[in-house]
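Student: Contents are mmCIF, C-alpha atoms; file name data-v2.cif:
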data_model
#
loop_
_atom_site.label_atom_id
_atom_site.label_comp_id
_atom_site.auth_asym_id
_atom_site.auth_seq_id
_atom_site.Cartn_x
_atom_site.Cartn_y
_atom_site.Cartn_z
CA MET A 1 0.00 0.00 0.00
CA ASN A 2 1.06 3.58 -0.35
CA ILE A 3 1.83 5.52 2.74
CA LEU A 4 -1.27 7.70 3.15
CA ARG A 5 -2.79 9.30 6.22
CA TYR A 6 -4.92 6.81 8.12
CA GLU A 7 -6.13 6.76 11.72
CA PRO A 8 -8.68 4.01 12.37
CA HIS A 9 -8.36 4.32 16.13
CA ASN A 10 -9.37 7.91 16.27
CA LEU A 11 -12.15 8.03 18.87
CA PHE A 12 -14.62 9.20 16.26
CA HIS A 13 -14.01 6.19 14.08
CA SER A 14 -17.13 4.18 14.79
CA ALA A 15 -17.91 0.53 14.18
CA PHE A 16 -19.59 1.55 10.93
CA ASP A 17 -16.53 3.40 9.75
CA ARG A 18 -14.50 0.37 10.53
CA LEU A 19 -16.87 -1.80 8.53
CA ALA A 20 -16.61 0.60 5.60
CA ASP A 21 -12.83 0.49 5.86
CA ASP A 22 -12.86 -3.26 5.83
CA LEU A 23 -15.10 -3.43 2.78
CA MET A 24 -13.05 -0.86 0.91
CA GLY A 25 -9.85 -2.64 1.79
CA PHE A 26 -8.22 0.29 3.52
CA LEU A 27 -7.65 -1.70 6.63
CA PRO A 28 -6.10 -4.91 5.43
CA THR A 29 -8.11 -7.64 7.07
CA PRO A 30 -7.31 -11.29 7.14
CA THR A 31 -9.60 -13.50 5.13
CA GLY A 32 -10.53 -16.38 7.37
CA GLU A 33 -7.97 -17.00 10.04
CA GLY A 34 -4.85 -14.97 10.04
CA PHE A 35 -2.88 -12.35 11.86
CA LEU A 36 -2.12 -8.84 10.63
CA PRO A 37 0.14 -6.73 12.78
CA ARG A 38 -0.76 -3.11 13.45
CA VAL A 39 1.70 -0.68 11.91
CA ASP A 40 2.35 2.98 12.67
CA ILE A 41 4.32 5.07 10.19
CA VAL A 42 5.87 8.24 11.53
CA ASP A 43 7.95 10.98 10.02
CA GLU A 44 10.76 11.62 12.49
CA GLY A 45 12.42 14.50 10.69
CA LYS A 46 15.62 12.91 9.47
CA GLN A 47 14.13 9.47 9.07
CA LEU A 48 10.93 7.61 8.40
CA ALA A 49 10.01 5.12 11.12
CA LEU A 50 7.65 2.15 11.04
CA GLU A 51 6.51 0.44 14.23
CA VAL A 52 5.08 -3.04 13.75
CA GLU A 53 3.29 -4.71 16.66
CA VAL A 54 4.23 -8.37 16.74
CA PRO A 55 3.96 -9.49 20.36
CA GLY A 56 4.82 -13.10 21.10
CA ILE A 57 6.87 -13.61 17.96
CA GLU A 58 10.47 -14.68 18.17
CA LYS A 59 12.95 -12.38 16.44
CA ASP A 60 14.04 -15.20 14.13
CA ALA A 61 10.49 -15.63 12.88
CA LEU A 62 10.47 -12.11 11.41
CA LYS A 63 11.74 -11.00 8.01
CA VAL A 64 12.23 -7.44 6.78
CA GLU A 65 12.99 -6.90 3.10
CA VAL A 66 13.46 -3.86 0.87
CA HIS A 67 13.27 -4.46 -2.84
CA GLN A 68 12.68 -1.97 -5.65
CA GLY A 69 11.28 0.66 -3.39
CA VAL A 70 8.95 -1.67 -1.50
CA LEU A 71 9.41 -2.57 2.14
CA THR A 72 7.97 -5.96 3.09
CA ILE A 73 7.58 -7.28 6.60
CA SER A 74 6.67 -10.92 6.99
CA GLY A 75 6.72 -13.70 9.53
CA GLU A 76 4.60 -16.04 11.54
CA LYS A 77 3.07 -15.78 14.96
CA GLN A 78 2.73 -19.23 16.42
CA ALA A 79 0.33 -20.24 19.12
CA THR A 80 1.73 -22.31 21.95
CA LYS A 81 1.04 -25.92 21.13
CA LEU A 82 -1.59 -27.35 23.40
CA GLU A 83 -1.35 -30.79 24.87
CA ASP A 84 -4.35 -33.02 25.37
CA ASN A 85 -5.14 -31.98 28.90
CA HIS A 86 -4.75 -28.30 28.09
CA LYS A 87 -8.12 -26.57 28.24
CA VAL A 88 -8.74 -23.19 26.60
CA HIS A 89 -11.03 -20.79 28.45
CA ARG A 90 -10.62 -17.67 26.36
CA SER A 91 -8.90 -16.99 23.06
CA GLU A 92 -8.64 -13.34 21.98
CA ARG A 93 -5.14 -13.41 20.52
CA VAL A 94 -4.84 -13.93 16.78
CA TYR A 95 -2.13 -16.11 15.26
CA GLY A 96 -0.80 -17.03 11.86
CA ALA A 97 1.52 -16.08 9.02
CA PHE A 98 1.48 -12.49 7.87
CA LYS A 99 2.94 -10.21 5.24
CA ARG A 100 2.57 -6.47 4.83
CA SER A 101 4.18 -4.34 2.16
CA PHE A 102 4.67 -0.60 1.93
CA THR A 103 5.72 1.42 -1.10
CA LEU A 104 8.44 3.74 0.08
CA PRO A 105 8.34 7.40 -0.88
CA ASP A 106 11.17 8.66 -3.07
CA ASN A 107 12.82 10.69 -0.37
CA VAL A 108 13.89 7.73 1.78
CA ASN A 109 16.95 5.63 1.34
CA GLY A 110 15.90 1.98 1.24
CA GLU A 111 19.50 0.79 1.23
CA GLU A 112 20.15 2.07 4.72
CA VAL A 113 17.17 0.47 6.41
CA GLN A 114 17.63 -0.52 10.07
CA ALA A 115 15.40 -2.76 12.14
CA ALA A 116 15.29 -3.37 15.90
CA PHE A 117 13.00 -5.63 17.89
CA LYS A 118 12.05 -4.77 21.46
CA ASN A 119 9.10 -5.64 23.71
CA GLY A 120 7.27 -7.25 20.83
CA VAL A 121 7.54 -4.17 18.58
CA LEU A 122 9.63 -4.21 15.41
CA ARG A 123 10.94 -0.72 14.75
CA ILE A 124 12.16 -0.05 11.22
CA THR A 125 13.88 3.22 10.34
CA LEU A 126 14.81 4.58 6.94
CA PRO A 127 16.94 7.70 6.70
CA LYS A 128 15.68 10.38 4.39
CA ARG A 129 17.77 11.41 1.47
CA PRO A 130 18.99 14.99 1.72
CA GLU A 131 16.71 17.24 -0.26
CA LEU A 132 18.14 17.85 -3.66
CA ALA A 133 17.94 21.35 -4.94
CA PRO A 134 16.25 21.55 -8.31
CA LYS A 135 18.87 21.35 -10.99
CA VAL A 136 18.75 24.31 -13.29
CA VAL A 137 19.47 23.31 -16.82
CA GLU A 138 21.29 25.68 -19.04
CA ILE A 139 19.71 26.09 -22.39
CA ASN A 140 22.19 26.05 -25.18
CA ALA A 141 21.67 28.69 -27.78
CA MET B 142 -15.40 -10.84 34.08
CA ASN B 143 -15.77 -14.49 34.94
CA ILE B 144 -13.52 -16.95 33.24
CA VAL B 145 -15.92 -18.80 31.01
CA HIS B 146 -15.37 -20.46 27.69
CA TYR B 147 -15.24 -17.81 24.98
CA GLU B 148 -13.40 -17.74 21.66
CA PRO B 149 -14.17 -14.59 19.68
CA GLY B 150 -10.87 -14.85 17.84
CA ARG B 151 -11.85 -18.11 16.21
CA VAL B 152 -15.24 -17.31 14.80
CA ILE B 153 -14.75 -13.77 13.58
CA ASN B 154 -14.13 -14.01 9.87
CA THR B 155 -16.22 -11.58 7.90
CA ALA B 156 -16.53 -7.87 8.51
CA LEU B 157 -20.26 -8.37 9.13
CA GLU B 158 -19.64 -10.88 11.88
CA ARG B 159 -17.18 -8.53 13.45
CA LEU B 160 -19.66 -5.69 13.31
CA ALA B 161 -22.28 -7.89 14.96
CA GLU B 162 -19.85 -8.72 17.73
CA ASP B 163 -18.98 -5.06 18.18
CA LEU B 164 -22.62 -4.14 18.48
CA MET B 165 -23.27 -6.87 20.99
CA GLY B 166 -20.45 -5.48 23.05
CA MET B 167 -18.79 -8.82 23.39
CA PHE B 168 -15.41 -7.61 22.33
CA PRO B 169 -13.72 -5.75 25.16
CA GLN B 170 -11.76 -3.91 22.52
CA ALA B 171 -14.97 -2.69 20.90
CA GLN B 172 -16.40 -1.40 24.13
CA ALA B 173 -13.64 1.16 24.29
CA PRO B 174 -12.86 2.25 20.74
CA GLY B 175 -9.67 4.20 20.48
CA ARG B 176 -8.38 2.88 23.78
CA PHE B 177 -5.84 0.17 24.34
CA VAL B 178 -7.20 -3.13 25.62
CA PRO B 179 -4.69 -5.98 25.68
CA SER B 180 -5.91 -9.23 24.12
CA VAL B 181 -5.81 -12.18 26.46
CA ASP B 182 -5.66 -15.94 26.05
CA ILE B 183 -6.68 -17.92 29.13
CA SER B 184 -6.01 -21.62 29.41
CA GLU B 185 -5.69 -24.28 32.02
CA ILE B 186 -3.34 -27.22 32.26
CA GLY B 187 -3.09 -29.53 35.24
CA ASP B 188 -3.44 -27.34 38.30
CA SER B 189 -2.18 -24.17 36.58
CA LEU B 190 -4.31 -21.40 35.19
CA ILE B 191 -2.40 -19.39 32.58
CA LEU B 192 -3.22 -15.93 31.24
CA GLN B 193 -1.27 -14.46 28.33
CA LEU B 194 -1.84 -10.78 27.61
CA GLU B 195 -0.45 -8.96 24.61
CA VAL B 196 1.32 -5.83 25.77
CA PRO B 197 3.56 -4.79 22.85
CA GLY B 198 5.75 -1.74 23.28
CA ILE B 199 5.24 -1.52 27.02
CA GLU B 200 8.36 -1.19 29.14
CA LYS B 201 8.93 -3.28 32.20
CA ASP B 202 7.72 -1.57 35.38
CA ALA B 203 4.86 -0.05 33.42
CA ILE B 204 2.48 -2.90 34.27
CA LYS B 205 0.92 -3.81 37.61
CA VAL B 206 -0.51 -7.25 38.41
CA GLU B 207 -2.61 -7.54 41.54
CA VAL B 208 -4.62 -10.33 43.16
CA HIS B 209 -7.14 -9.26 45.75
CA GLN B 210 -10.22 -11.02 47.11
CA GLY B 211 -10.39 -13.46 44.26
CA VAL B 212 -9.96 -10.87 41.51
CA LEU B 213 -6.90 -10.55 39.30
CA THR B 214 -6.27 -7.03 37.98
CA VAL B 215 -3.77 -6.17 35.29
CA SER B 216 -3.21 -2.47 34.72
CA GLY B 217 -0.70 -0.12 33.25
CA GLU B 218 -0.05 2.32 30.48
CA LYS B 219 1.11 1.92 26.92
CA LYS B 220 3.01 5.06 26.06
CA VAL B 221 3.99 6.51 22.74
CA GLU B 222 7.78 6.36 22.58
CA ARG B 223 8.63 8.06 19.35
CA GLN B 224 8.80 11.75 18.62
CA SER B 225 7.28 12.76 15.36
CA GLN B 226 8.46 15.80 13.50
CA GLY B 227 8.13 17.04 9.97
CA LYS B 228 4.88 15.81 8.49
CA GLY B 229 4.02 13.86 11.62
CA VAL B 230 2.13 10.62 11.48
CA TYR B 231 1.36 8.96 8.15
CA ARG B 232 -0.37 5.91 9.48
CA SER B 233 -1.75 5.24 12.93
CA GLU B 234 -3.06 1.73 13.58
CA ARG B 235 -1.55 1.16 17.01
CA VAL B 236 -3.61 2.01 20.04
CA PHE B 237 -2.12 3.52 23.18
CA GLY B 238 -3.16 4.62 26.61
CA ALA B 239 -3.89 3.41 30.10
CA PHE B 240 -5.55 0.04 30.48
CA LYS B 241 -7.05 -2.17 33.14
CA ARG B 242 -8.52 -5.64 32.83
CA THR B 243 -9.95 -7.62 35.71
CA PHE B 244 -10.63 -11.32 35.94
CA THR B 245 -12.69 -13.04 38.61
CA LEU B 246 -10.71 -16.07 39.66
CA PRO B 247 -12.28 -19.42 40.43
CA ASP B 248 -12.36 -20.27 44.14
CA GLU B 249 -9.70 -22.93 43.84
CA VAL B 250 -6.99 -20.46 42.87
CA ASN B 251 -4.36 -19.85 45.53
CA PRO B 252 -3.62 -16.11 45.62
CA GLU B 253 -0.26 -16.71 47.27
CA GLN B 254 1.07 -18.61 44.29
CA VAL B 255 1.01 -16.17 41.38
CA THR B 256 3.92 -15.57 39.03
CA ALA B 257 4.16 -13.15 36.14
CA LYS B 258 6.64 -12.90 33.28
CA GLN B 259 6.95 -10.25 30.57
CA GLU B 260 8.74 -11.26 27.37
CA ASN B 261 8.59 -10.11 23.74
CA GLY B 262 5.55 -7.99 24.42
CA VAL B 263 3.57 -10.78 26.10
CA LEU B 264 2.71 -10.85 29.81
CA THR B 265 2.23 -14.40 31.07
CA ILE B 266 0.53 -14.81 34.44
CA THR B 267 0.47 -18.25 36.03
CA LEU B 268 -1.85 -19.09 38.90
CA HIS B 269 -2.10 -22.32 40.81
CA LYS B 270 -5.20 -24.06 41.96
CA ARG B 271 -5.35 -25.52 45.42
CA PRO B 272 -5.44 -29.29 45.36
CA GLU B 273 -8.99 -30.52 45.40
CA THR B 274 -10.25 -30.94 48.90
CA LYS B 275 -12.72 -33.60 49.77
CA PRO B 276 -15.93 -32.36 51.32
CA ARG B 277 -15.48 -32.20 55.05
CA GLN B 278 -18.05 -34.08 57.03
CA VAL B 279 -19.28 -32.21 60.08
CA THR B 280 -20.44 -34.16 63.05
CA ILE B 281 -23.74 -32.92 64.40
CA SER B 282 -23.87 -32.72 68.16
CA TYR B 283 -27.14 -34.04 69.42
CA LYS B 284 -28.88 -33.32 72.60
CA ASP B 285 -32.10 -34.80 73.58
#
Any chance you could put this one into structure tokens?

Tutor:
Amino acid sequence: MNILRYEPHNLFHSAFDRLADDLMGFLPTPTGEGFLPRVDIVDEGKQLALEVEVPGIEKDALKVEVHQGVLTISGEKQATKLEDNHKVHRSERVYGAFKRSFTLPDNVNGEEVQAAFKNGVLRITLPKRPELAPKVVEINA
Amino acid sequence: MNIVHYEPGRVINTALERLAEDLMGMFPQAQAPGRFVPSVDISEIGDSLILQLEVPGIEKDAIKVEVHQGVLTVSGEKKVERQSQGKGVYRSERVFGAFKRTFTLPDEVNPEQVTAKQENGVLTITLHKRPETKPRQVTISYKD
């Protein structure tokens, strides 16, 4: 997806808005079972930062890739295997394989991407390219 | 809430089903739109009752776990850590804020034996049930 302004958890975003978002595909929703991590994208001045919520995932189960201007985050969140005498009372957590891709704007440098994983949040930063002054072209007579 | 069998994560597939659940107020997350409510998985194995709450991005010491009079309370605050400058926020899906979830524990749970562990954004609370006690027969004193 392109990086556009989007705030589904604004207090004024009602259940109906959320339904509309789902139907229009703005909020990527899993079809059937599946897990989609929440992502925040923030402009931090000198760099663009993405924060991906992936609690309960091991670092080795995550993959971050930049290719041709597209950043892709993928991995799998595994549920703890239950033995026979293990009884489930409540299951709110969502599990499964996931993949989310973001088209990077031109002003970030995909080659110098950094990723850190802490407290179940994957933080990806991309430094911005210095602004290039417009190049004035001399017209030959 | 009481710990009863409940699996909203399994049955919610279509947007319509999710809307129905929201309207029925069964989703704790839907009852407080825009506020952070950690998802919880509760299971039981042997004599242990295990709760796993998702608390991504929360530092240690920012969560409090309390057991009092048969009620387990988990509270804390999920704070925004970054500083945004320039154009600010492009996309905001994460939810932040103070949270509190309470769980009424079954009688057999021993409040003295509670452990909690926070790892990779998941808080795991383990409680132990007292061994089953046989009913105690009371002798009736009789006077004629």

Student: Here is a test: counting all atoms listed in the file, which residue of B:Asp248, B:Glu207, B:Glu253, B:Glu260 is nearest to chain A?

Tutor: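 Answer, going by the shortest atom-to-atom distance: B:Glu260.
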
Student: So, counting all atoms listed in the file, which residue among A:Glu131, A:His67, A:Asp84, A:Val113 is closest to chain B?

Tutor: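 Closest candidate: A:Asp84.
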
Student: Starting from the PyMOL selection byres ((chain B and resi 240) around 6), expand the selection into actual residues of this file and give them as a VMD selection string.

Tutor: chain B and resid 216 to 218 239 241

Student: Using the chain letters and residue numbers of this document, give as a PDB file with C-alpha atoms, keeping the file's coordinate frame the residues selected by the PyMOL selection byres ((chain A and resi 52) around 9).

Tutor:
ATOM      1  CA  PRO A  37       0.140  -6.730  12.780  1.00  0.00           C
ATOM      2  CA  ARG A  38      -0.760  -3.110  13.450  1.00  0.00           C
ATOM      3  CA  VAL A  39       1.700  -0.680  11.910  1.00  0.00           C
ATOM      4  CA  ASP A  40       2.350   2.980  12.670  1.00  0.00           C
ATOM      5  CA  ILE A  41       4.320   5.070  10.190  1.00  0.00           C
ATOM      6  CA  LEU A  50       7.650   2.150  11.040  1.00  0.00           C
ATOM      7  CA  GLU A  51       6.510   0.440  14.230  1.00  0.00           C
ATOM      8  CA  GLU A  53       3.290  -4.710  16.660  1.00  0.00           C
ATOM      9  CA  VAL A  54       4.230  -8.370  16.740  1.00  0.00           C
ATOM     10  CA  ILE A  73       7.580  -7.280   6.600  1.00  0.00           C
ATOM     11  CA  GLY A 120       7.270  -7.250  20.830  1.00  0.00           C
ATOM     12  CA  VAL A 121       7.540  -4.170  18.580  1.00  0.00           C
ATOM     13  CA  LEU A 122       9.630  -4.210  15.410  1.00  0.00           C
ATOM     14  CA  ARG A 123      10.940  -0.720  14.750  1.00  0.00           C
ATOM     15  CA  ILE A 124      12.160  -0.050  11.220  1.00  0.00           C
TER      16      ILE A 124
ATOM     17  CA  ARG B 235      -1.550   1.160  17.010  1.00  0.00           C
TER      18      ARG B 235
END

Student: Apply the PyMOL selection byres ((chain A and resi 58) around 12) to the displayed file and report the matching residues as a PyMOL selection string.

Tutor: (chain A and resi 54-57+59-63+75-79+117-122) or (chain B and resi 260-263)

Student: Between B:Phe237, B:Tyr283, B:Tyr231, B:Phe244, single out the one closest to chain A, counting all atoms listed in the file.

Tutor: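 Looking at the shortest contact to chain A, the residue is B:Tyr231.
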
Student: How many Å separate atom CA of A:Lys99 from atom CA of B:Val230?

Tutor: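 That distance, rounded to one decimal, is 21.8 Å.
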
Student: May I have the protein, DNA and RNA residues with an atom at most 6 Å from (-2.8, -17.9, 36.1), counting only C-alpha atoms in the file's coordinates, returned as a PDB file with C-alpha atoms, keeping the file's coordinate frame?

Tutor:
ATOM      1  CA  LEU B 190      -4.310 -21.400  35.190  1.00  0.00           C
ATOM      2  CA  ILE B 191      -2.400 -19.390  32.580  1.00  0.00           C
ATOM      3  CA  LEU B 192      -3.220 -15.930  31.240  1.00  0.00           C
ATOM      4  CA  ILE B 266       0.530 -14.810  34.440  1.00  0.00           C
ATOM      5  CA  THR B 267       0.470 -18.250  36.030  1.00  0.00           C
ATOM      6  CA  LEU B 268      -1.850 -19.090  38.900  1.00  0.00           C
TER       7      LEU B 268
END

Student: Grab stretch 67-106 of chain A from that structure and dump C-alpha atoms to a file, as a compact mmCIF listing (two decimals), in the first residue's frame.

Tutor:
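For reference, result_2.txt as written:
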# COMPACT_ATOMS: atom_id res chain seq x y z
CA HIS A 67 13.27 -4.46 -2.84
CA GLN A 68 12.68 -1.97 -5.65
CA GLY A 69 11.28 0.66 -3.39
CA VAL A 70 8.95 -1.67 -1.50
CA LEU A 71 9.41 -2.57 2.14
CA THR A 72 7.97 -5.96 3.09
CA ILE A 73 7.58 -7.28 6.60
CA SER A 74 6.67 -10.92 6.99
CA GLY A 75 6.72 -13.70 9.53
CA GLU A 76 4.60 -16.04 11.54
CA LYS A 77 3.07 -15.78 14.96
CA GLN A 78 2.73 -19.23 16.42
CA ALA A 79 0.33 -20.24 19.12
CA THR A 80 1.73 -22.31 21.95
CA LYS A 81 1.04 -25.92 21.13
CA LEU A 82 -1.59 -27.35 23.40
CA GLU A 83 -1.35 -30.79 24.87
CA ASP A 84 -4.35 -33.02 25.37
CA ASN A 85 -5.14 -31.98 28.90
CA HIS A 86 -4.75 -28.30 28.09
CA LYS A 87 -8.12 -26.57 28.24
CA VAL A 88 -8.74 -23.19 26.60
CA HIS A 89 -11.03 -20.79 28.45
CA ARG A 90 -10.62 -17.67 26.36
CA SER A 91 -8.90 -16.99 23.06
CA GLU A 92 -8.64 -13.34 21.98
CA ARG A 93 -5.14 -13.41 20.52
CA VAL A 94 -4.84 -13.93 16.78
CA TYR A 95 -2.13 -16.11 15.26
CA GLY A 96 -0.80 -17.03 11.86
CA ALA A 97 1.52 -16.08 9.02
CA PHE A 98 1.48 -12.49 7.87
CA LYS A 99 2.94 -10.21 5.24
CA ARG A 100 2.57 -6.47 4.83
CA SER A 101 4.18 -4.34 2.16
CA PHE A 102 4.67 -0.60 1.93
CA THR A 103 5.72 1.42 -1.10
CA LEU A 104 8.44 3.74 0.08
CA PRO A 105 8.34 7.40 -0.88
CA ASP A 106 11.17 8.66 -3.07
